[in-house]
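Dumped coords-v4.pdb below, it's PDB, C-alpha atoms and all ligand atoms:
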ATOM      1  CA  MET C 139      24.491  11.968 -12.169
ATOM      2  CA  ALA C 140      21.220  13.253 -13.670
ATOM      3  CA  LEU C 141      17.927  13.165 -11.790
ATOM      4  CA  VAL C 142      16.179   9.809 -12.269
ATOM      5  CA  SER C 143      12.534   8.925 -12.696
ATOM      6  CA  SER C 144      11.032   7.546  -9.509
ATOM      7  CA  THR C 145       9.543   4.614 -11.474
ATOM      8  CA  GLY C 146      12.699   2.494 -11.366
ATOM      9  CA  LEU C 147      13.385   3.344  -7.733
ATOM     10  CA  LEU C 148       9.905   2.411  -6.607
ATOM     11  CA  ASN C 149       9.561  -0.737  -8.688
ATOM     12  CA  ASP C 150      12.834  -2.030  -7.297
ATOM     13  CA  ALA C 151      11.752  -1.164  -3.762
ATOM     14  CA  ARG C 152       8.417  -2.937  -4.083
ATOM     15  CA  LYS C 153      10.046  -6.003  -5.667
ATOM     16  CA  ASN C 154      12.705  -6.252  -2.972
ATOM     17  CA  GLN C 155      10.553  -5.142  -0.034
ATOM     18  CA  TYR C 156      12.253  -1.999   1.130
ATOM     19  CA  GLY C 157      11.018   1.598   1.096
ATOM     20  CA  ILE C 158      12.093   4.799  -0.610
ATOM     21  CA  GLY C 159      11.847   7.898   1.565
ATOM     22  CA  ALA C 160      10.166  10.855  -0.145
ATOM     23  CA  PHE C 161      11.011  13.965   1.818
ATOM     24  CA  ASN C 162       9.129  17.233   1.486
ATOM     25  CA  VAL C 163      11.548  20.137   1.397
ATOM     26  CA  HIS C 164      10.473  23.706   2.050
ATOM     27  CA  SER C 165      13.721  25.523   1.310
ATOM     28  CA  LEU C 166      16.878  24.977  -0.727
ATOM     29  CA  ASP C 167      18.721  24.309   2.500
ATOM     30  CA  MET C 168      16.412  21.373   3.181
ATOM     31  CA  LEU C 169      16.796  20.131  -0.385
ATOM     32  CA  TYR C 170      20.563  19.873   0.069
ATOM     33  CA  ALA C 171      20.081  18.309   3.520
ATOM     34  CA  VAL C 172      18.134  15.453   1.903
ATOM     35  CA  ALA C 173      20.651  14.995  -0.924
ATOM     36  CA  GLU C 174      23.599  14.989   1.477
ATOM     37  CA  ALA C 175      21.900  12.475   3.759
ATOM     38  CA  ALA C 176      21.139  10.216   0.786
ATOM     39  CA  TYR C 177      24.754  10.348  -0.317
ATOM     40  CA  GLU C 178      26.076   9.598   3.153
ATOM     41  CA  MET C 179      23.700   6.645   3.417
ATOM     42  CA  ARG C 180      24.307   5.540  -0.210
ATOM     43  CA  SER C 181      20.540   5.516  -0.562
ATOM     44  CA  PRO C 182      18.184   6.330  -3.425
ATOM     45  CA  VAL C 183      15.803   9.131  -2.476
ATOM     46  CA  ILE C 184      12.873  11.216  -3.651
ATOM     47  CA  ILE C 185      13.025  14.932  -2.982
ATOM     48  CA  GLN C 186       9.537  16.376  -3.137
ATOM     49  CA  THR C 187       7.890  19.761  -2.943
ATOM     50  CA  THR C 188       4.266  20.682  -2.493
ATOM     51  CA  THR C 189       2.676  23.126  -4.901
ATOM     52  CA  GLY C 190       2.984  25.816  -2.197
ATOM     53  CA  THR C 191       6.759  25.450  -2.308
ATOM     54  CA  VAL C 192       6.720  25.457  -6.112
ATOM     55  CA  LYS C 193       4.793  28.741  -5.978
ATOM     56  CA  GLN C 194       7.160  30.220  -3.404
ATOM     57  CA  LEU C 195      10.548  29.161  -4.803
ATOM     58  CA  GLY C 196       9.716  28.483  -8.461
ATOM     59  CA  ALA C 197       9.887  25.115 -10.230
ATOM     60  CA  ASP C 198      12.984  26.199 -12.190
ATOM     61  CA  VAL C 199      14.931  27.140  -9.091
ATOM     62  CA  ILE C 200      13.993  23.901  -7.321
ATOM     63  CA  ALA C 201      14.772  21.699 -10.325
ATOM     64  CA  HIS C 202      18.045  23.495 -11.008
ATOM     65  CA  ASN C 203      19.175  22.898  -7.435
ATOM     66  CA  ALA C 204      17.994  19.281  -7.398
ATOM     67  CA  LYS C 205      20.009  18.657 -10.575
ATOM     68  CA  LYS C 206      23.033  20.327  -8.990
ATOM     69  CA  ALA C 207      22.565  18.235  -5.845
ATOM     70  CA  SER C 208      22.470  15.032  -7.885
ATOM     71  CA  GLU C 209      25.780  15.991  -9.505
ATOM     72  CA  LEU C 210      27.374  16.793  -6.168
ATOM     73  CA  TYR C 211      25.903  13.763  -4.408
ATOM     74  CA  PRO C 212      25.818  10.977  -6.988
ATOM     75  CA  VAL C 213      23.117   8.672  -5.691
ATOM     76  CA  PRO C 214      19.787   8.114  -7.480
ATOM     77  CA  ILE C 215      17.656  11.202  -6.781
ATOM     78  CA  ALA C 216      14.158  11.769  -8.185
ATOM     79  CA  LEU C 217      12.361  15.116  -7.957
ATOM     80  CA  HIS C 218       8.632  14.905  -7.332
ATOM     81  CA  VAL C 219       5.754  17.363  -6.976
ATOM     82  CA  ASP C 220       3.495  16.224  -4.134
ATOM     83  CA  HIS C 221      -0.341  16.558  -4.017
ATOM     84  CA  CYS C 222      -0.658  18.743  -7.073
ATOM     85  CA  GLN C 223      -4.217  19.654  -7.987
ATOM     86  CA  GLU C 224      -3.353  22.036 -10.805
ATOM     87  CA  TYR C 225      -2.542  20.727 -14.266
ATOM     88  CA  SER C 226      -0.667  23.954 -15.112
ATOM     89  CA  ILE C 227       1.710  23.487 -12.165
ATOM     90  CA  ILE C 228       2.357  19.895 -13.181
ATOM     91  CA  LEU C 229       3.308  21.156 -16.656
ATOM     92  CA  GLU C 230       5.537  23.813 -15.134
ATOM     93  CA  CYS C 231       7.308  21.175 -13.025
ATOM     94  CA  ILE C 232       7.753  18.806 -15.974
ATOM     95  CA  ARG C 233       9.173  21.607 -18.111
ATOM     96  CA  ALA C 234      11.576  22.534 -15.318
ATOM     97  CA  GLY C 235      12.894  18.962 -15.048
ATOM     98  CA  TYR C 236      10.875  17.223 -12.312
ATOM     99  CA  THR C 237      11.029  13.469 -12.873
ATOM    100  CA  SER C 238       7.911  12.467 -10.943
ATOM    101  CA  VAL C 239       4.502  14.070 -10.339
ATOM    102  CA  MET C 240       1.451  13.469  -8.169
ATOM    103  CA  ILE C 241      -1.900  14.498  -9.552
ATOM    104  CA  ASP C 242      -4.209  14.592  -6.555
ATOM    105  CA  ALA C 243      -7.792  14.544  -7.763
ATOM    106  CA  SER C 244      -8.919  12.419  -4.818
ATOM    107  CA  MET C 245     -11.433  15.049  -3.743
ATOM    108  CA  HIS C 246     -13.437  14.385  -6.904
ATOM    109  CA  PRO C 247     -15.731  11.434  -7.667
ATOM    110  CA  PHE C 248     -13.996   8.330  -9.063
ATOM    111  CA  ASP C 249     -14.678   9.052 -12.760
ATOM    112  CA  GLU C 250     -13.404  12.600 -12.500
ATOM    113  CA  ASN C 251     -10.308  11.410 -10.633
ATOM    114  CA  VAL C 252      -9.701   8.966 -13.511
ATOM    115  CA  GLU C 253     -10.186  11.714 -16.094
ATOM    116  CA  LYS C 254      -7.841  14.206 -14.412
ATOM    117  CA  THR C 255      -5.214  11.540 -13.774
ATOM    118  CA  LEU C 256      -5.356  10.323 -17.384
ATOM    119  CA  GLU C 257      -4.687  13.861 -18.620
ATOM    120  CA  VAL C 258      -1.422  13.844 -16.695
ATOM    121  CA  VAL C 259      -0.484  10.230 -17.543
ATOM    122  CA  LYS C 260      -0.783  11.077 -21.236
ATOM    123  CA  ILE C 261       1.848  13.794 -21.099
ATOM    124  CA  ALA C 262       4.111  12.462 -18.339
ATOM    125  CA  VAL C 263       4.522   8.759 -19.055
ATOM    126  CA  PRO C 264       5.942   9.152 -22.606
ATOM    127  CA  LEU C 265       8.599  11.381 -21.011
ATOM    128  CA  GLU C 266       9.413   8.634 -18.467
ATOM    129  CA  ILE C 267       8.025  10.782 -15.676
ATOM    130  CA  ASN C 268       6.352   8.785 -12.931
ATOM    131  CA  VAL C 269       2.728   9.592 -12.108
ATOM    132  CA  GLU C 270       1.258   9.051  -8.641
ATOM    133  CA  ALA C 271      -2.441   9.412  -7.879
ATOM    134  CA  GLU C 272      -4.535   9.069  -4.713
ATOM    135  CA  LEU C 273      -7.668   7.090  -3.953
ATOM    136  CA  GLY C 274      -9.734   7.640  -0.850
ATOM    137  CA  LYS C 275      -8.939  10.797   1.104
ATOM    138  CA  VAL C 276      -5.918  11.088   3.433
ATOM    139  CA  GLY C 277      -6.928  13.177   6.447
ATOM    140  CA  GLY C 278      -5.004  16.061   8.022
ATOM    141  CA  VAL C 279      -3.211  19.131   6.708
ATOM    142  CA  GLU C 280      -0.691  19.114   3.888
ATOM    143  CA  ASP C 281       0.168  22.617   2.824
ATOM    144  CA  GLU C 282      -2.897  24.034   1.029
ATOM    145  CA  ILE C 283      -4.930  20.798   1.348
ATOM    146  CA  VAL C 284      -7.003  20.316   4.479
ATOM    147  CA  VAL C 285      -9.109  17.164   5.027
ATOM    148  CA  GLU C 286     -11.056  17.079   8.306
ATOM    149  CA  ASP C 287     -10.992  13.722  10.159
ATOM    150  CA  LYS C 288     -14.706  13.275   9.454
ATOM    151  CA  ASP C 289     -14.071  13.641   5.705
ATOM    152  CA  ALA C 290     -11.116  11.224   5.529
ATOM    153  CA  GLU C 291     -12.052   8.094   3.560
ATOM    154  CA  LYS C 292     -10.164   4.878   3.062
ATOM    155  CA  ALA C 293      -9.481   3.565  -0.439
ATOM    156  CA  ILE C 294     -11.690   0.749  -1.719
ATOM    157  CA  PRO C 295      -9.550  -2.176  -2.962
ATOM    158  CA  GLU C 296     -11.750  -2.947  -6.004
ATOM    159  CA  GLU C 297     -11.596   0.724  -7.034
ATOM    160  CA  CYS C 298      -7.791   0.651  -6.812
ATOM    161  CA  VAL C 299      -7.677  -2.165  -9.370
ATOM    162  CA  GLU C 300     -10.135  -0.414 -11.663
ATOM    163  CA  PHE C 301      -8.375   2.941 -11.295
ATOM    164  CA  ILE C 302      -5.042   1.500 -12.389
ATOM    165  CA  ARG C 303      -6.688  -0.332 -15.285
ATOM    166  CA  GLN C 304      -8.307   2.871 -16.518
ATOM    167  CA  THR C 305      -5.431   5.304 -15.956
ATOM    168  CA  GLY C 306      -2.245   3.245 -16.272
ATOM    169  CA  VAL C 307      -0.909   5.184 -13.309
ATOM    170  CA  GLN C 308       2.451   3.811 -12.118
ATOM    171  CA  THR C 309       2.234   4.576  -8.423
ATOM    172  CA  LEU C 310      -0.819   4.627  -6.174
ATOM    173  CA  ALA C 311      -1.432   6.323  -2.832
ATOM    174  CA  PRO C 312      -4.416   4.561  -1.253
ATOM    175  CA  ALA C 313      -5.729   6.157   1.946
ATOM    176  CA  ILE C 314      -5.342   3.451   4.597
ATOM    177  CA  GLY C 315      -5.743   5.288   7.894
ATOM    178  CA  THR C 316      -2.669   7.518   8.126
ATOM    179  CA  ALA C 317      -2.940  11.316   8.137
ATOM    180  CA  HIS C 318      -0.840  14.332   7.210
ATOM    181  CA  GLY C 319       0.510  16.623   9.920
ATOM    182  CA  ILE C 320       0.677  16.050  13.655
ATOM    183  CA  TYR C 321      -1.251  13.016  14.930
ATOM    184  CA  SER C 322      -3.554  13.641  17.887
ATOM    185  CA  GLY C 323      -3.391   9.912  18.763
ATOM    186  CA  PRO C 324      -1.623   6.870  17.328
ATOM    187  CA  PRO C 325      -2.558   6.298  13.668
ATOM    188  CA  GLU C 326      -4.895   3.368  13.083
ATOM    189  CA  ILE C 327      -3.453   1.756  10.012
ATOM    190  CA  ASP C 328      -5.755  -0.638   8.201
ATOM    191  CA  PHE C 329      -3.276  -3.440   7.448
ATOM    192  CA  PRO C 330      -5.850  -5.900   6.016
ATOM    193  CA  ARG C 331      -6.847  -3.195   3.528
ATOM    194  CA  ILE C 332      -3.233  -2.630   2.453
ATOM    195  CA  GLU C 333      -2.848  -6.379   2.030
ATOM    196  CA  LYS C 334      -5.970  -6.661  -0.065
ATOM    197  CA  ILE C 335      -4.963  -3.743  -2.302
ATOM    198  CA  ALA C 336      -1.387  -4.990  -2.698
ATOM    199  CA  GLN C 337      -2.542  -8.503  -3.600
ATOM    200  CA  ASN C 338      -4.466  -7.135  -6.555
ATOM    201  CA  VAL C 339      -2.324  -4.228  -7.657
ATOM    202  CA  GLU C 340       1.253  -4.570  -8.903
ATOM    203  CA  VAL C 341       2.313  -0.920  -8.831
ATOM    204  CA  PRO C 342       4.256   0.413  -5.836
ATOM    205  CA  LEU C 343       1.986   1.837  -3.130
ATOM    206  CA  VAL C 344       2.635   5.068  -1.263
ATOM    207  CA  LEU C 345       2.385   5.599   2.470
ATOM    208  CA  HIS C 346       1.326   9.195   3.003
ATOM    209  CA  GLY C 347       1.511  10.732   6.469
ATOM    210  CA  GLY C 348       4.811   8.958   7.170
ATOM    211  CA  SER C 349       5.845  11.142  10.135
ATOM    212  CA  ALA C 350       5.628   9.596  13.583
ATOM    213  CA  ILE C 351       4.368   6.182  12.489
ATOM    214  CA  PRO C 352       5.862   3.608  14.882
ATOM    215  CA  ALA C 353       8.824   1.766  13.331
ATOM    216  CA  GLU C 354       7.206  -1.680  13.463
ATOM    217  CA  GLU C 355       4.140  -0.372  11.640
ATOM    218  CA  VAL C 356       6.257   1.201   8.912
ATOM    219  CA  LYS C 357       8.034  -2.125   8.454
ATOM    220  CA  LYS C 358       4.738  -3.940   8.236
ATOM    221  CA  CYS C 359       3.457  -1.522   5.583
ATOM    222  CA  ILE C 360       6.625  -2.112   3.540
ATOM    223  CA  SER C 361       6.358  -5.879   3.876
ATOM    224  CA  LEU C 362       2.788  -5.655   2.556
ATOM    225  CA  GLY C 363       3.715  -3.722  -0.611
ATOM    226  CA  MET C 364       4.150  -0.076   0.245
ATOM    227  CA  ALA C 365       7.299   1.193  -1.444
ATOM    228  CA  LYS C 366       7.334   4.960  -0.911
ATOM    229  CA  MET C 367       6.946   6.766   2.395
ATOM    230  CA  ASN C 368       6.263  10.501   2.463
ATOM    231  CA  VAL C 369       7.756  12.498   5.315
ATOM    232  CA  SER C 370       7.183  16.193   5.813
ATOM    233  CA  THR C 371       6.115  17.082   9.368
ATOM    234  CA  GLU C 372       9.057  15.478  11.170
ATOM    235  CA  LEU C 373      11.508  17.336   8.936
ATOM    236  CA  LYS C 374       9.791  20.677   9.438
ATOM    237  CA  ASN C 375       9.623  20.109  13.193
ATOM    238  CA  ALA C 376      13.298  19.183  13.503
ATOM    239  CA  TYR C 377      14.384  22.135  11.379
ATOM    240  CA  SER C 378      12.230  24.641  13.257
ATOM    241  CA  ALA C 379      13.060  23.250  16.720
ATOM    242  CA  ALA C 380      16.785  23.712  16.005
ATOM    243  CA  LEU C 381      16.187  27.336  15.096
ATOM    244  CA  GLN C 382      14.017  27.921  18.176
ATOM    245  CA  LYS C 383      16.655  26.373  20.451
ATOM    246  CA  HIS C 384      19.385  28.483  18.882
ATOM    247  CA  PHE C 385      17.466  31.715  19.502
ATOM    248  CA  GLU C 386      16.510  30.709  23.038
ATOM    249  CA  GLU C 387      20.167  30.141  23.841
ATOM    250  CA  ASP C 388      21.368  33.191  21.947
ATOM    251  CA  PRO C 389      18.499  35.649  21.389
ATOM    252  CA  LYS C 390      20.831  38.142  19.723
ATOM    253  CA  ALA C 391      22.180  35.676  17.150
ATOM    254  CA  PHE C 392      22.469  37.380  13.805
ATOM    255  CA  ASP C 393      24.674  35.178  11.647
ATOM    256  CA  PRO C 394      22.282  33.053   9.553
ATOM    257  CA  ARG C 395      25.076  30.631   8.657
ATOM    258  CA  SER C 396      25.359  29.391  12.231
ATOM    259  CA  TYR C 397      21.695  28.686  12.874
ATOM    260  CA  PHE C 398      20.769  27.438   9.406
ATOM    261  CA  LEU C 399      23.620  24.959   9.560
ATOM    262  CA  LYS C 400      22.291  23.528  12.834
ATOM    263  CA  ALA C 401      18.756  23.307  11.488
ATOM    264  CA  LYS C 402      19.968  21.622   8.322
ATOM    265  CA  GLN C 403      21.910  19.069  10.358
ATOM    266  CA  GLU C 404      18.791  18.189  12.374
ATOM    267  CA  ALA C 405      16.763  17.709   9.193
ATOM    268  CA  LYS C 406      19.557  15.534   7.819
ATOM    269  CA  ASN C 407      19.493  13.351  10.932
ATOM    270  CA  ILE C 408      15.775  12.666  10.455
ATOM    271  CA  VAL C 409      16.309  11.733   6.794
ATOM    272  CA  LYS C 410      19.066   9.303   7.758
ATOM    273  CA  GLU C 411      16.942   7.718  10.494
ATOM    274  CA  LYS C 412      14.108   7.148   8.018
ATOM    275  CA  MET C 413      16.483   5.631   5.467
ATOM    276  CA  GLU C 414      17.665   3.147   8.101
ATOM    277  CA  LEU C 415      14.075   2.327   8.975
ATOM    278  CA  LEU C 416      13.068   1.874   5.335
ATOM    279  CA  GLU C 417      16.226  -0.178   4.664
ATOM    280  CA  SER C 418      17.065   1.895   1.609
ATOM    281  CA  SER C 419      20.621   2.624   2.775
ATOM    282  CA  GLY C 420      23.220   0.940   0.606
ATOM    283  CA  LYS C 421      20.662   0.429  -2.190
ATOM    284  CA  GLN C 422      22.178   3.023  -4.525
ATOM    285  CA  GLN C 423      22.894   0.394  -7.202
ATOM    286  CA  PHE C 424      19.259  -0.290  -8.015
ATOM    287  CA  GLN C 425      18.208  -1.173 -11.545
ATOM    288  CA  ARG C 426      17.678   2.111 -13.423
ATOM    289  CA  VAL C 427      15.028   2.472 -16.102
TER     290      VAL C 427
HETATM  291  P1  LIG Y   1       3.533  13.885   7.267
HETATM  292  O1  LIG Y   1       2.807  15.166   7.531
HETATM  293  O2  LIG Y   1       3.101  12.792   8.188
HETATM  294  O3  LIG Y   1       4.996  14.059   7.293
HETATM  295  O4  LIG Y   1       3.106  13.394   5.805
HETATM  296  C1  LIG Y   1       3.680  13.954   4.674
HETATM  297  C2  LIG Y   1       3.012  13.517   3.433
HETATM  298  O5  LIG Y   1       2.348  12.498   3.370
HETATM  299  C3  LIG Y   1       3.191  14.366   2.255
HETATM  300  O6  LIG Y   1       2.441  13.953   1.168
END
Could you write out this file's structure as C-alpha cells?
Amino acid sequence: MALVSSTGLLNDARKNQYGIGAFNVHSLDMLYAVAEAAYEMRSPVIIQTTTGTVKQLGADVIAHNAKKASELYPVPIALHVDHCQEYSIILECIRAGYTSVMIDASMHPFDENVEKTLEVVKIAVPLEINVEAELGKVGGVEDEIVVEDKDAEKAIPEECVEFIRQTGVQTLAPAIGTAHGIYSGPPEIDFPRIEKIAQNVEVPLVLHGGSAIPAEEVKKCISLGMAKMNVSTELKNAYSAALQKHFEEDPKAFDPRSYFLKAKQEAKNIVKEKMELLESSGKQQFQRV
C-alpha cells in the first residue's frame, strides 16, 4: 500500500468522531514501531517528523522508510512534517514523498500567517498533500520551537473562520490550552473555545500537546471536533526509559539489538494505547481520497 494523504483520514475521523494519532518519530526504529503498532491495531495512522529530524535523518531516508513500512504493514499511513517554519524544508519533504505538511507561521501576525500558509497551500493542495496550520501559540518545547508559558496564546474563534476562508487550509491546529513537552501541572483545556471553533469550522482540528492529557479530556476533545492528536513526549520518554533501565540492569550491555528492541516495544505499547483511546483501531477501511 502506498502512503496516503492525511486529508481522507482526518475528514473521516472528524465525521465519525474518532481521532487519528499522529506520532512524532525521532529514529527509523521509532518509525517502524508506529507502523507495526498501526498494523496490529488495524488502525490508520500519521507518522510525523519535526524539521529537526528531517535535518538529522534526511527527508529522502524518512520517506523511503515510511513507504517501505506502508508496504510491509498495509494500513493507511500518512507521512507528515510537523511544525515546519521553513518553506524550503516543506518543498524537500514534498519532493521526497511526504503526504502531509504543517506550515507553522503562528509566531507571525495574522496576515503574515495567512500569506505564508497560502504559499504552501498553493503547491501542496494540487498534489493532494494535506496542509495544517496553527492559530494562537501552543506553549512548551517542541524540538527547535520554544514558547514560554507567558507567550502562549489561545486561538480566537472568529480568526479561525477567517483564516480558513483566506487560506483554504484543510486542517487547523488552534491553540486551546494544551502545551508541548512535559506538563508542570494538569493542562487547562478550554473546551468552550474548542466547541465554538468547531461549530464554525468544518475542517478537522488538531490537538497538539497530546501527551499526558487525561483520557476523559481527550475523548471530550474528539467529541467536540478534534480529529488528530499529536504525541511526541510520551513516545520519547518510553523509548528512553527502556534504554535507561536496560543499562541500569546491565551496564556492560553492548549488543544494540537487545536494547533497541526493548525500547521499540515500549514505544509501540504507547502507540497502541493511544489508538485505543482515540478509537481508531479497526478503522483501517476508511474512505480514501
Ligand atoms: P507532546 O509533547 O505533548 O507529545 O506534543 C507533541 C506535539 O504536539 C507535536 O506537535
Query - Local residues around (18.7, 8.2, 5.9), at most 9 Å away, using all atoms listed in the file, as number ranges by chain - result: C: 159, 172, 175-181, 183, 406-419
Report task. Measure the distance from atom CA of Ala271 of chain C to atom CA of Ile351 of chain C in Å and round it to one decimal. Result ->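 Computing the Euclidean distance for atom CA of Ala271 of chain C and atom CA of Ile351 of chain C yields 21.7 Å.
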Report task. Between C:Cys298, C:Val369, C:Ala313, C:Val307, single out the one closest to Asn338 of chain C, counting all atoms listed in the file. Result ->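 Closest residue, counting all atoms listed in the file: C:Cys298.
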**Report entry** Surroundings of ligand LIG 1 (chain Y) up to 9 Å, based on all atoms listed in the file, as a ChimeraX atom specification
**Finding:** /C:160-162,186-188,220-221,276,278-281,316-321,344-351,367-374
**Report entry** Expansion of the PyMOL selection byres (((chain C and resi 196-199) around 9) and not hetatm) into residues, as a PyMOL selection string
**Finding:** chain C and resi 166+191-195+200-204+227+230-236
Report task. Skip Leu229 of chain C itself and residues of its chain fewer than 6 positions away, then list as a VMD selection string all residues within 9 Å of it, counting only C-alpha atoms. Result -> chain C and resid 258 261 to 262
Query - Given only C-alpha atoms as the counted atoms, nearest of C:Arg303, C:Gly323, C:Pro352, C:Leu310 to Ala336 of chain C - result: C:Leu310
Requested in this report: On this file, the PyMOL selection byres (((chain C and resi 273) around 10) and not hetatm) gives some set of residues; write that set as a VMD selection string.
Outcome: chain C and resid 242 to 248 251 to 252 271 to 272 274 to 276 291 to 295 297 to 298 301 310 to 314
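The gap separating atom CA of Lys402 of chain C from atom CA of Thr237 of chain C is 24.4 Å, in Å to one decimal.
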**Report entry** Residue IDs satisfying the PyMOL selection byres (((chain C and resi 377) around 8) and not hetatm), as a list in words
**Finding:**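 Output from the PyMOL selection byres (((chain C and resi 377) around 8) and not hetatm), applied to this file: Leu373, Lys374, Asn375, Ala376, Ser378, Ala379, Ala380, Leu381, Ala401, Lys402, Glu404 and Ala405 of chain C.
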Once you have the residues from the selection above, write them out as a JSON list (two decimals), in the coordinates of the input, restricted to C-alpha atoms.
[["chain", "number", "residue", "atom", "x", "y", "z"],
["C", 373, "LEU", "CA", 11.51, 17.34, 8.94],
["C", 374, "LYS", "CA", 9.79, 20.68, 9.44],
["C", 375, "ASN", "CA", 9.62, 20.11, 13.19],
["C", 376, "ALA", "CA", 13.30, 19.18, 13.50],
["C", 378, "SER", "CA", 12.23, 24.64, 13.26],
["C", 379, "ALA", "CA", 13.06, 23.25, 16.72],
["C", 380, "ALA", "CA", 16.78, 23.71, 16.00],
["C", 381, "LEU", "CA", 16.19, 27.34, 15.10],
["C", 401, "ALA", "CA", 18.76, 23.31, 11.49],
["C", 402, "LYS", "CA", 19.97, 21.62, 8.32],
["C", 404, "GLU", "CA", 18.79, 18.19, 12.37],
["C", 405, "ALA", "CA", 16.76, 17.71, 9.19]]
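For the set C:Gln403, C:Arg152, C:Ser143, C:Phe385, the residue with the smallest atom-to-atom gap to Val339 of chain C is C:Arg152, counting only C-alpha atoms.
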Requested in this report: Quick one: pull the distance between atom CA of Lys357 of chain C and atom CA of Asp328 of chain C, Å, one decimal.
Outcome: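 A separation of 13.9 Å between them.
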Taking all atoms of segment 146-150 of chain C that the file lists, what box with edges along x, y and z, padded by 8 Å per side, do you get, with centre and edge lengths in Å to one decimal, as JSON?
{"center_x": 11.5, "center_y": 0.7, "center_z": -9.0, "size_x": 19.8, "size_y": 21.4, "size_z": 20.8}
Query raised in the report: Which residues come within 8 Å of Gln308 of chain C, counting all atoms listed in the file, excluding same-chain residues fewer than 2 positions away, as a ChimeraX atom specification?
Result: /C:145,268-270,302,306,310,341-342
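Across C:Ile335, C:Val259, C:Ala140, C:Leu362, the tightest approach to Gln304 of chain C is made by C:Val259 when counting all atoms listed in the file.
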Requested in this report: Considering only C-alpha atoms, state which residue in the set C:Val163, C:Lys260, C:Gly277, C:Leu141 is at the smallest distance from Ala207 of chain C.
Outcome: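 Among C:Val163, C:Lys260, C:Gly277, C:Leu141, it is C:Leu141 that comes nearest to Ala207 of chain C.
Among the candidate residues C:Val213, C:Cys359, C:Leu265, C:Leu147, the one lying nearest to Gln422 of chain C is C:Val213, with distances computed using only C-alpha atoms.
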Could you complete segment 368-382 of chain C so that it carries N, CA and C atoms, and give it back as an mmCIF file, keeping the file's coordinate frame?
data_model
loop_
_atom_site.group_PDB
_atom_site.id
_atom_site.type_symbol
_atom_site.label_atom_id
_atom_site.label_comp_id
_atom_site.auth_asym_id
_atom_site.auth_seq_id
_atom_site.Cartn_x
_atom_site.Cartn_y
_atom_site.Cartn_z
ATOM 1 N N ASN C 368 6.147 9.043 2.472
ATOM 2 C CA ASN C 368 6.263 10.501 2.463
ATOM 3 C C ASN C 368 6.483 11.037 3.878
ATOM 4 N N VAL C 369 7.478 11.899 4.003
ATOM 5 C CA VAL C 369 7.756 12.498 5.315
ATOM 6 C C VAL C 369 7.920 14.004 5.151
ATOM 7 N N SER C 370 7.102 14.737 5.870
ATOM 8 C CA SER C 370 7.183 16.193 5.813
ATOM 9 C C SER C 370 7.262 16.782 7.232
ATOM 10 N N THR C 371 6.248 16.448 8.047
ATOM 11 C CA THR C 371 6.115 17.082 9.368
ATOM 12 C C THR C 371 7.353 16.896 10.247
ATOM 13 N N GLU C 372 7.893 15.705 10.287
ATOM 14 C CA GLU C 372 9.057 15.478 11.170
ATOM 15 C C GLU C 372 10.259 16.318 10.740
ATOM 16 N N LEU C 373 10.393 16.509 9.422
ATOM 17 C CA LEU C 373 11.508 17.336 8.936
ATOM 18 C C LEU C 373 11.310 18.798 9.321
ATOM 19 N N LYS C 374 10.083 19.273 9.099
ATOM 20 C CA LYS C 374 9.791 20.677 9.438
ATOM 21 C C LYS C 374 9.987 20.918 10.924
ATOM 22 N N ASN C 375 9.503 19.961 11.737
ATOM 23 C CA ASN C 375 9.623 20.109 13.193
ATOM 24 C C ASN C 375 11.084 20.169 13.627
ATOM 25 N N ALA C 376 11.888 19.243 13.090
ATOM 26 C CA ALA C 376 13.298 19.183 13.503
ATOM 27 C C ALA C 376 14.026 20.464 13.096
ATOM 28 N N TYR C 377 13.739 20.925 11.903
ATOM 29 C CA TYR C 377 14.384 22.135 11.379
ATOM 30 C C TYR C 377 14.003 23.344 12.244
ATOM 31 N N SER C 378 12.705 23.470 12.501
ATOM 32 C CA SER C 378 12.230 24.641 13.257
ATOM 33 C C SER C 378 12.666 24.581 14.716
ATOM 34 N N ALA C 379 12.659 23.381 15.310
ATOM 35 C CA ALA C 379 13.060 23.250 16.720
ATOM 36 C C ALA C 379 14.519 23.661 16.897
ATOM 37 N N ALA C 380 15.363 23.333 15.907
ATOM 38 C CA ALA C 380 16.785 23.712 16.005
ATOM 39 C C ALA C 380 16.930 25.232 15.982
ATOM 40 N N LEU C 381 16.122 25.867 15.156
ATOM 41 C CA LEU C 381 16.187 27.336 15.096
ATOM 42 C C LEU C 381 15.687 27.945 16.411
ATOM 43 N N GLN C 382 14.564 27.400 16.912
ATOM 44 C CA GLN C 382 14.017 27.921 18.176
ATOM 45 C C GLN C 382 15.038 27.795 19.301
#
